file input-v2.cif (mmCIF, C-alpha atoms)
data_coords
#
loop_
_atom_site.group_PDB
_atom_site.id
_atom_site.type_symbol
_atom_site.label_atom_id
_atom_site.label_comp_id
_atom_site.auth_asym_id
_atom_site.auth_seq_id
_atom_site.Cartn_x
_atom_site.Cartn_y
_atom_site.Cartn_z
ATOM 1 C CA MET A 1 31.404 -10.106 15.874
ATOM 2 C CA SER A 2 28.914 -8.518 13.503
ATOM 3 C CA ARG A 3 26.113 -10.538 11.922
ATOM 4 C CA ARG A 4 25.720 -8.176 9.013
ATOM 5 C CA ASN A 5 26.669 -9.431 5.629
ATOM 6 C CA GLY A 6 28.141 -6.826 3.341
ATOM 7 C CA SER A 7 25.589 -7.449 0.595
ATOM 8 C CA GLY A 8 23.798 -4.103 1.001
ATOM 9 C CA LYS A 9 20.407 -5.697 1.752
ATOM 10 C CA ALA A 10 20.085 -4.176 5.217
ATOM 11 C CA ALA A 11 17.073 -2.097 4.146
ATOM 12 C CA LEU A 12 15.144 -5.274 3.330
ATOM 13 C CA ASN A 13 16.117 -7.005 6.565
ATOM 14 C CA GLY A 14 14.846 -4.291 8.918
ATOM 15 C CA PRO A 15 11.440 -4.225 10.559
ATOM 16 C CA ALA A 16 9.947 -1.857 7.970
ATOM 17 C CA GLY A 17 10.919 -4.134 5.111
ATOM 18 C CA TYR A 18 9.674 -7.149 7.014
ATOM 19 C CA LEU A 19 6.313 -5.559 7.793
ATOM 20 C CA ALA A 20 5.906 -4.452 4.197
ATOM 21 C CA GLY A 21 6.389 -8.039 3.034
ATOM 22 C CA LEU A 22 9.640 -7.301 1.268
ATOM 23 C CA SER A 23 12.269 -9.920 0.758
ATOM 24 C CA PRO A 24 15.218 -10.081 -1.623
ATOM 25 C CA SER A 25 13.274 -12.391 -3.960
ATOM 26 C CA GLY A 26 9.962 -10.499 -3.678
ATOM 27 C CA PRO A 27 6.651 -11.724 -2.281
ATOM 28 C CA SER A 28 5.646 -15.324 -2.862
ATOM 29 C CA GLN A 29 2.556 -16.305 -4.825
ATOM 30 C CA ARG A 30 0.861 -17.287 -1.571
ATOM 31 C CA GLN A 31 1.683 -13.903 -0.006
ATOM 32 C CA LEU A 32 0.148 -12.146 -3.011
ATOM 33 C CA ARG A 33 -2.952 -14.353 -3.034
ATOM 34 C CA VAL A 34 -3.620 -14.092 0.715
ATOM 35 C CA GLY A 35 -2.847 -10.355 0.635
ATOM 36 C CA GLU A 36 -5.511 -9.877 -2.029
ATOM 37 C CA GLU A 37 -8.024 -11.853 0.047
ATOM 38 C CA VAL A 38 -7.226 -9.735 3.118
ATOM 39 C CA ARG A 39 -7.645 -6.583 0.995
ATOM 40 C CA ARG A 40 -11.032 -7.787 -0.266
ATOM 41 C CA VAL A 41 -12.302 -8.627 3.236
ATOM 42 C CA LEU A 42 -11.093 -5.319 4.693
ATOM 43 C CA ALA A 43 -12.631 -3.356 1.819
ATOM 44 C CA GLU A 44 -15.911 -5.135 2.459
ATOM 45 C CA LEU A 45 -15.712 -4.338 6.185
ATOM 46 C CA PHE A 46 -14.999 -0.663 5.498
ATOM 47 C CA ALA A 47 -17.899 -0.468 3.018
ATOM 48 C CA ARG A 48 -20.499 -2.147 5.246
ATOM 49 C CA THR A 49 -19.498 -1.081 8.739
ATOM 50 C CA THR A 50 -20.277 2.071 10.656
ATOM 51 C CA PHE A 51 -17.566 2.531 13.236
ATOM 52 C CA ARG A 52 -18.212 3.788 16.759
ATOM 53 C CA ASP A 53 -15.009 5.819 16.589
ATOM 54 C CA LEU A 54 -16.007 9.433 15.894
ATOM 55 C CA GLU A 55 -13.068 10.001 13.538
ATOM 56 C CA LEU A 56 -14.123 7.065 11.371
ATOM 57 C CA ALA A 57 -17.893 7.431 11.657
ATOM 58 C CA ASP A 58 -18.453 9.084 8.264
ATOM 59 C CA ALA A 59 -15.076 8.464 6.614
ATOM 60 C CA ARG A 60 -14.894 6.549 3.342
ATOM 61 C CA VAL A 61 -11.674 4.541 3.421
ATOM 62 C CA THR A 62 -10.402 2.583 0.419
ATOM 63 C CA VAL A 63 -7.986 -0.305 0.881
ATOM 64 C CA THR A 64 -5.641 -0.163 -2.106
ATOM 65 C CA GLU A 65 -3.085 -2.847 -1.251
ATOM 66 C CA VAL A 66 -2.122 -5.300 1.473
ATOM 67 C CA ARG A 67 1.411 -6.637 1.877
ATOM 68 C CA LEU A 68 1.941 -9.614 4.126
ATOM 69 C CA SER A 69 5.106 -10.497 5.991
ATOM 70 C CA PRO A 70 6.671 -13.828 4.993
ATOM 71 C CA ASP A 71 5.296 -15.505 8.134
ATOM 72 C CA PHE A 72 1.783 -14.026 7.558
ATOM 73 C CA LYS A 73 1.694 -12.557 11.078
ATOM 74 C CA HIS A 74 1.798 -8.907 9.981
ATOM 75 C CA ALA A 75 -0.090 -7.114 7.234
ATOM 76 C CA THR A 76 0.723 -3.619 6.040
ATOM 77 C CA VAL A 77 -2.538 -2.146 4.779
ATOM 78 C CA PHE A 78 -2.293 0.781 2.374
ATOM 79 C CA VAL A 79 -5.348 3.023 2.606
ATOM 80 C CA ALA A 80 -6.581 6.113 0.792
ATOM 81 C CA ARG A 81 -9.593 8.386 0.655
ATOM 82 C CA LEU A 82 -10.923 8.883 -2.819
ATOM 83 C CA GLY A 83 -10.962 12.524 -3.814
ATOM 84 C CA ARG A 84 -9.117 13.577 -0.675
ATOM 85 C CA SER A 85 -5.521 13.473 0.452
ATOM 86 C CA ASP A 86 -5.997 13.735 4.228
ATOM 87 C CA ILE A 87 -5.771 10.045 5.107
ATOM 88 C CA GLU A 88 -3.088 10.780 7.738
ATOM 89 C CA VAL A 89 -5.743 12.211 10.096
ATOM 90 C CA LEU A 90 -7.561 8.855 10.067
ATOM 91 C CA LEU A 91 -4.513 6.696 10.864
ATOM 92 C CA PRO A 92 -4.874 7.001 14.681
ATOM 93 C CA GLY A 93 -8.527 5.949 14.415
ATOM 94 C CA LEU A 94 -7.620 3.041 12.156
ATOM 95 C CA LYS A 95 -4.997 1.946 14.669
ATOM 96 C CA ARG A 96 -7.651 1.963 17.408
ATOM 97 C CA VAL A 97 -10.078 -0.230 15.420
ATOM 98 C CA ALA A 98 -7.362 -2.580 14.101
ATOM 99 C CA PRO A 99 -7.964 -5.274 16.771
ATOM 100 C CA TRP A 100 -11.697 -5.325 15.964
ATOM 101 C CA LEU A 101 -10.975 -5.464 12.217
ATOM 102 C CA ARG A 102 -8.543 -8.319 12.840
ATOM 103 C CA THR A 103 -11.213 -10.263 14.732
ATOM 104 C CA GLN A 104 -13.798 -9.700 11.996
ATOM 105 C CA MET A 105 -11.260 -10.670 9.357
ATOM 106 C CA SER A 106 -10.421 -13.895 11.212
ATOM 107 C CA HIS A 107 -14.077 -14.953 10.991
ATOM 108 C CA LYS A 108 -14.109 -14.525 7.213
ATOM 109 C CA LEU A 109 -10.687 -15.945 6.290
ATOM 110 C CA ARG A 110 -9.375 -19.449 6.821
ATOM 111 C CA LEU A 111 -5.897 -18.685 8.093
ATOM 112 C CA ARG A 112 -3.955 -20.279 10.917
ATOM 113 C CA VAL A 113 -3.264 -16.836 12.410
ATOM 114 C CA ALA A 114 -5.030 -13.596 11.532
ATOM 115 C CA PRO A 115 -2.353 -11.038 10.717
ATOM 116 C CA GLU A 116 -1.773 -7.981 12.878
ATOM 117 C CA LEU A 117 -2.822 -4.911 10.861
ATOM 118 C CA HIS A 118 -0.541 -1.921 10.315
ATOM 119 C CA PHE A 119 -2.042 0.994 8.363
ATOM 120 C CA GLN A 120 -0.046 3.210 5.994
ATOM 121 C CA PRO A 121 -1.238 5.980 3.685
ATOM 122 C CA ASP A 122 -1.161 5.067 0.001
ATOM 123 C CA THR A 123 0.640 7.839 -1.828
ATOM 124 C CA ALA A 124 0.920 6.103 -5.205
ATOM 125 C CA LEU A 125 -1.959 8.083 -6.757
ATOM 126 C CA ASP A 126 -0.569 11.398 -5.493
ATOM 127 C CA TYR A 127 2.845 10.502 -6.895
ATOM 128 C CA ALA A 128 1.329 9.503 -10.255
ATOM 129 C CA MET A 129 -0.565 12.810 -10.457
ATOM 130 C CA TYR A 130 2.631 14.709 -9.598
ATOM 131 C CA MET A 131 4.568 12.861 -12.317
ATOM 132 C CA ASP A 132 1.777 13.524 -14.821
ATOM 133 C CA THR A 133 1.838 17.269 -14.169
ATOM 134 C CA LEU A 134 5.622 17.217 -14.298
ATOM 135 C CA LEU A 135 5.631 15.455 -17.671
ATOM 136 C CA LYS A 136 3.107 17.951 -19.046
ATOM 137 C CA SER A 137 5.178 20.972 -18.022
ATOM 138 C CA PRO A 138 6.528 23.102 -20.909
ATOM 139 C CA ASP A 139 10.180 22.519 -19.958
ATOM 140 C CA VAL A 140 9.844 18.746 -20.077
ATOM 141 C CA LYS A 141 7.843 18.845 -23.319
ATOM 142 C CA ARG A 142 10.578 20.955 -24.904
ATOM 143 C CA ASP A 143 13.258 18.508 -23.771
ATOM 144 C CA LEU A 144 11.281 15.502 -24.994
ATOM 145 C CA GLU A 145 10.733 17.115 -28.395
ATOM 146 C CA ALA A 146 14.461 17.863 -28.628
ATOM 147 C CA GLU A 147 15.235 14.186 -27.869
ATOM 148 C CA GLU A 148 12.755 13.032 -30.552
ATOM 149 C CA ASN A 149 14.279 15.393 -33.129
ATOM 150 C CA LYS A 150 17.780 14.163 -32.271
ATOM 151 C CA ALA A 151 16.660 10.510 -32.607
ATOM 152 C CA GLU A 152 15.090 11.244 -36.010
ATOM 153 C CA ASP A 153 18.288 12.946 -37.189
ATOM 154 C CA ASP A 154 20.385 9.995 -36.044
ATOM 155 C CA SER A 155 18.126 7.490 -37.810
ATOM 156 C CA GLU A 156 18.411 9.391 -41.123
ATOM 157 C CA HIS A 157 22.201 9.098 -41.140
#

call {"tool": "encode", "arguments": {"input": "input-v2.cif", "output": "structure tokens"}}
result
Amino acid sequence: MSRRNGSGKAALNGPAGYLAGLSPSGPSQRQLRVGEEVRRVLAELFARTTFRDLELADARVTVTEVRLSPDFKHATVFVARLGRSDIEVLLPGLKRVAPWLRTQMSHKLRLRVAPELHFQPDTALDYAMYMDTLLKSPDVKRDLEAEENKAEDDSEH
């Protein structure tokens, strides 16, 4: 007998959705608040710490967002490099230093359990830049102007 309900929420129930802190009702206020505190502490650690790992020794990593699982045991940390789009090369190094970061984070935060850190590249800025260039393209401008002219004609009648 299958345990799946036919509601179409299977994508939210899987491990990726769970690790990203997704639930059908969205993150709770506590998840958002603790996620912001974790982001602040990690950003501080990245700014003040020189890592022994050669890949991370001179890398400037920015923590853009942290999403906590509903049980606060897992944190998906979205990272980026300002001015560069090669964050994927640093992900193996970040995975290696994750236990140390977790220990340091546990000293600074008052949580029952320090969350396990999972790093993901933040592609939101790249996507926003892509959409901006797309919206500025001549074809889209022409279509938008045609829509505006049509709306003006409709409002006059």

call {"tool": "residues_around", "arguments": {"input": "input-v2.cif", "residues": "A:Val77", "least_positions_apart": "6", "cutoff": "8 Å", "atoms": "all atoms listed in the file", "output": "VMD selection string"}}
result
chain A and resid 39 63 to 67 117 to 120

call {"tool": "atom_distance", "arguments": {"input": "input-v2.cif", "atom1": "atom CA of A:Phe78", "atom2": "atom CA of A:Asp122"}}
result
5.0 Å

call {"tool": "closest_residue", "arguments": {"input": "input-v2.cif", "among": "A:Gly83, A:Pro27, A:Pro99, A:Pro70", "to": "A:Asp126", "atoms": "all atoms listed in the file"}}
result
A:Gly83

call {"tool": "atom_distance", "arguments": {"input": "input-v2.cif", "atom1": "atom CA of A:Glu37", "atom2": "atom CA of A:Lys108"}}
result
9.8 Å

call {"tool": "resolve_selection", "arguments": {"input": "input-v2.cif", "expression": "the PyMOL selection byres ((chain A and resi 88-92) around 9)", "output": "PyMOL selection string"}}
result
chain A and resi 55-56+59+61+85-87+93-97+119-121

call {"tool": "atom_distance", "arguments": {"input": "input-v2.cif", "atom1": "atom CA of A:Arg33", "atom2": "atom CA of A:Thr103"}}
result
20.0 Å

call {"tool": "closest_residue", "arguments": {"input": "input-v2.cif", "among": "A:Arg142, A:Arg60, A:Arg102, A:Arg30", "to": "A:Arg84", "atoms": "all atoms listed in the file"}}
result
A:Arg60

call {"tool": "closest_residue", "arguments": {"input": "input-v2.cif", "among": "A:Thr62, A:Ser69, A:Thr50, A:Ser25", "to": "A:Glu116", "atoms": "only C-alpha atoms"}}
result
A:Ser69

call {"tool": "residues_around", "arguments": {"input": "input-v2.cif", "residues": "A:Leu125", "least_positions_apart": "3", "cutoff": "10 Å", "atoms": "only C-alpha atoms", "output": "JSON, numbers by chain"}}
result
{"A": [80, 82, 85, 122, 128, 129, 130, 131]}

call {"tool": "residues_around", "arguments": {"input": "input-v2.cif", "residues": "A:Pro115", "least_positions_apart": "5", "cutoff": "7 Å", "atoms": "all atoms listed in the file", "output": "PDB file with C-alpha atoms, in the coordinates of the input"}}
result
ATOM      1  CA  PHE A  72       1.783 -14.026   7.558  1.00  0.00           C
ATOM      2  CA  LYS A  73       1.694 -12.557  11.078  1.00  0.00           C
ATOM      3  CA  HIS A  74       1.798  -8.907   9.981  1.00  0.00           C
ATOM      4  CA  ALA A  75      -0.090  -7.114   7.234  1.00  0.00           C
TER       5      ALA A  75
END

call {"tool": "closest_residue", "arguments": {"input": "input-v2.cif", "among": "A:Glu44, A:Asp71, A:Gly35, A:Trp100", "to": "A:Val113", "atoms": "all atoms listed in the file"}}
result
A:Asp71

call {"tool": "closest_residue", "arguments": {"input": "input-v2.cif", "among": "A:Asp139, A:Gln29, A:Arg81, A:His107", "to": "A:Phe46", "atoms": "only C-alpha atoms"}}
result
A:Arg81

call {"tool": "axis_aligned_box", "arguments": {"input": "input-v2.cif", "around": "stretch 114-129 of chain A", "padding_each_side": "5 Å", "output": "AutoDock Vina command-line options"}}
result
--center_x -1.1 --center_y -0.4 --center_z 1.2 --size_x 17.9 --size_y 36.4 --size_z 33.3

call {"tool": "build_atoms", "arguments": {"input": "input-v2.cif", "residues": "stretch 85-96 of chain A", "atoms": "all heavy atoms", "output": "PDB file, in the coordinates of the input"}}
result
ATOM      1  N   SER A  85      -6.891  13.907   0.156  1.00  0.00           N
ATOM      2  CA  SER A  85      -5.521  13.473   0.452  1.00  0.00           C
ATOM      3  C   SER A  85      -5.199  13.578   1.941  1.00  0.00           C
ATOM      4  O   SER A  85      -4.045  13.653   2.316  1.00  0.00           O
ATOM      5  CB  SER A  85      -4.535  14.310  -0.364  1.00  0.00           C
ATOM      6  OG  SER A  85      -4.659  15.669  -0.009  1.00  0.00           O
ATOM      7  N   ASP A  86      -6.216  13.563   2.783  1.00  0.00           N
ATOM      8  CA  ASP A  86      -5.997  13.735   4.228  1.00  0.00           C
ATOM      9  C   ASP A  86      -6.150  12.425   4.995  1.00  0.00           C
ATOM     10  O   ASP A  86      -6.698  12.400   6.088  1.00  0.00           O
ATOM     11  CB  ASP A  86      -6.944  14.793   4.772  1.00  0.00           C
ATOM     12  CG  ASP A  86      -8.411  14.439   4.583  1.00  0.00           C
ATOM     13  OD1 ASP A  86      -8.695  13.532   3.777  1.00  0.00           O
ATOM     14  OD2 ASP A  86      -9.259  15.068   5.231  1.00  0.00           O
ATOM     15  N   ILE A  87      -5.647  11.342   4.455  1.00  0.00           N
ATOM     16  CA  ILE A  87      -5.771  10.045   5.107  1.00  0.00           C
ATOM     17  C   ILE A  87      -4.972   9.985   6.409  1.00  0.00           C
ATOM     18  O   ILE A  87      -5.314   9.230   7.319  1.00  0.00           O
ATOM     19  CB  ILE A  87      -5.367   8.903   4.147  1.00  0.00           C
ATOM     20  CG1 ILE A  87      -5.721   7.529   4.732  1.00  0.00           C
ATOM     21  CG2 ILE A  87      -3.889   8.952   3.816  1.00  0.00           C
ATOM     22  CD1 ILE A  87      -7.170   7.254   4.858  1.00  0.00           C
ATOM     23  N   GLU A  88      -3.929  10.819   6.536  1.00  0.00           N
ATOM     24  CA  GLU A  88      -3.088  10.780   7.738  1.00  0.00           C
ATOM     25  C   GLU A  88      -3.888  11.069   9.004  1.00  0.00           C
ATOM     26  O   GLU A  88      -3.570  10.549  10.065  1.00  0.00           O
ATOM     27  CB  GLU A  88      -1.926  11.771   7.627  1.00  0.00           C
ATOM     28  CG  GLU A  88      -0.833  11.331   6.680  1.00  0.00           C
ATOM     29  CD  GLU A  88      -1.138  11.697   5.229  1.00  0.00           C
ATOM     30  OE1 GLU A  88      -2.096  12.476   4.989  1.00  0.00           O
ATOM     31  OE2 GLU A  88      -0.436  11.202   4.346  1.00  0.00           O
ATOM     32  N   VAL A  89      -4.949  11.896   8.905  1.00  0.00           N
ATOM     33  CA  VAL A  89      -5.743  12.211  10.096  1.00  0.00           C
ATOM     34  C   VAL A  89      -6.555  11.005  10.566  1.00  0.00           C
ATOM     35  O   VAL A  89      -6.953  10.948  11.728  1.00  0.00           O
ATOM     36  CB  VAL A  89      -6.675  13.430   9.853  1.00  0.00           C
ATOM     37  CG1 VAL A  89      -5.874  14.661   9.529  1.00  0.00           C
ATOM     38  CG2 VAL A  89      -7.689  13.147   8.775  1.00  0.00           C
ATOM     39  N   LEU A  90      -6.791  10.036   9.687  1.00  0.00           N
ATOM     40  CA  LEU A  90      -7.561   8.855  10.067  1.00  0.00           C
ATOM     41  C   LEU A  90      -6.696   7.716  10.604  1.00  0.00           C
ATOM     42  O   LEU A  90      -7.221   6.753  11.161  1.00  0.00           O
ATOM     43  CB  LEU A  90      -8.357   8.344   8.864  1.00  0.00           C
ATOM     44  CG  LEU A  90      -9.435   9.265   8.328  1.00  0.00           C
ATOM     45  CD1 LEU A  90     -10.139   8.611   7.156  1.00  0.00           C
ATOM     46  CD2 LEU A  90     -10.428   9.636   9.401  1.00  0.00           C
ATOM     47  N   LEU A  91      -5.391   7.796  10.433  1.00  0.00           N
ATOM     48  CA  LEU A  91      -4.513   6.696  10.864  1.00  0.00           C
ATOM     49  C   LEU A  91      -4.616   6.374  12.356  1.00  0.00           C
ATOM     50  O   LEU A  91      -4.651   5.197  12.723  1.00  0.00           O
ATOM     51  CB  LEU A  91      -3.066   6.975  10.458  1.00  0.00           C
ATOM     52  CG  LEU A  91      -2.794   6.930   8.953  1.00  0.00           C
ATOM     53  CD1 LEU A  91      -1.336   7.249   8.674  1.00  0.00           C
ATOM     54  CD2 LEU A  91      -3.189   5.604   8.347  1.00  0.00           C
ATOM     55  N   PRO A  92      -4.692   7.363  13.263  1.00  0.00           N
ATOM     56  CA  PRO A  92      -4.874   7.001  14.681  1.00  0.00           C
ATOM     57  C   PRO A  92      -6.186   6.253  14.944  1.00  0.00           C
ATOM     58  O   PRO A  92      -6.219   5.298  15.719  1.00  0.00           O
ATOM     59  CB  PRO A  92      -4.856   8.351  15.414  1.00  0.00           C
ATOM     60  CG  PRO A  92      -4.110   9.262  14.496  1.00  0.00           C
ATOM     61  CD  PRO A  92      -4.443   8.801  13.113  1.00  0.00           C
ATOM     62  N   GLY A  93      -7.255   6.652  14.274  1.00  0.00           N
ATOM     63  CA  GLY A  93      -8.527   5.949  14.415  1.00  0.00           C
ATOM     64  C   GLY A  93      -8.460   4.537  13.860  1.00  0.00           C
ATOM     65  O   GLY A  93      -9.009   3.597  14.442  1.00  0.00           O
ATOM     66  N   LEU A  94      -7.777   4.373  12.732  1.00  0.00           N
ATOM     67  CA  LEU A  94      -7.620   3.041  12.156  1.00  0.00           C
ATOM     68  C   LEU A  94      -6.797   2.142  13.073  1.00  0.00           C
ATOM     69  O   LEU A  94      -7.080   0.945  13.195  1.00  0.00           O
ATOM     70  CB  LEU A  94      -6.964   3.141  10.779  1.00  0.00           C
ATOM     71  CG  LEU A  94      -7.834   3.749   9.678  1.00  0.00           C
ATOM     72  CD1 LEU A  94      -7.015   3.988   8.430  1.00  0.00           C
ATOM     73  CD2 LEU A  94      -9.035   2.868   9.388  1.00  0.00           C
ATOM     74  N   LYS A  95      -5.808   2.728  13.728  1.00  0.00           N
ATOM     75  CA  LYS A  95      -4.997   1.946  14.669  1.00  0.00           C
ATOM     76  C   LYS A  95      -5.848   1.486  15.850  1.00  0.00           C
ATOM     77  O   LYS A  95      -5.680   0.370  16.347  1.00  0.00           O
ATOM     78  CB  LYS A  95      -3.812   2.785  15.148  1.00  0.00           C
ATOM     79  CG  LYS A  95      -2.829   2.021  15.980  1.00  0.00           C
ATOM     80  CD  LYS A  95      -1.621   2.848  16.322  1.00  0.00           C
ATOM     81  CE  LYS A  95      -0.624   2.035  17.109  1.00  0.00           C
ATOM     82  NZ  LYS A  95       0.591   2.787  17.399  1.00  0.00           N
ATOM     83  N   ARG A  96      -6.784   2.335  16.284  1.00  0.00           N
ATOM     84  CA  ARG A  96      -7.651   1.963  17.408  1.00  0.00           C
ATOM     85  C   ARG A  96      -8.610   0.834  17.046  1.00  0.00           C
ATOM     86  O   ARG A  96      -8.925  -0.011  17.880  1.00  0.00           O
ATOM     87  CB  ARG A  96      -8.445   3.180  17.889  1.00  0.00           C
ATOM     88  CG  ARG A  96      -7.643   4.154  18.698  1.00  0.00           C
ATOM     89  CD  ARG A  96      -8.530   5.188  19.358  1.00  0.00           C
ATOM     90  NE  ARG A  96      -9.246   6.024  18.405  1.00  0.00           N
ATOM     91  CZ  ARG A  96      -8.781   7.161  17.877  1.00  0.00           C
ATOM     92  NH1 ARG A  96      -7.588   7.596  18.221  1.00  0.00           N
ATOM     93  NH2 ARG A  96      -9.501   7.851  17.028  1.00  0.00           N
TER      94      ARG A  96
END
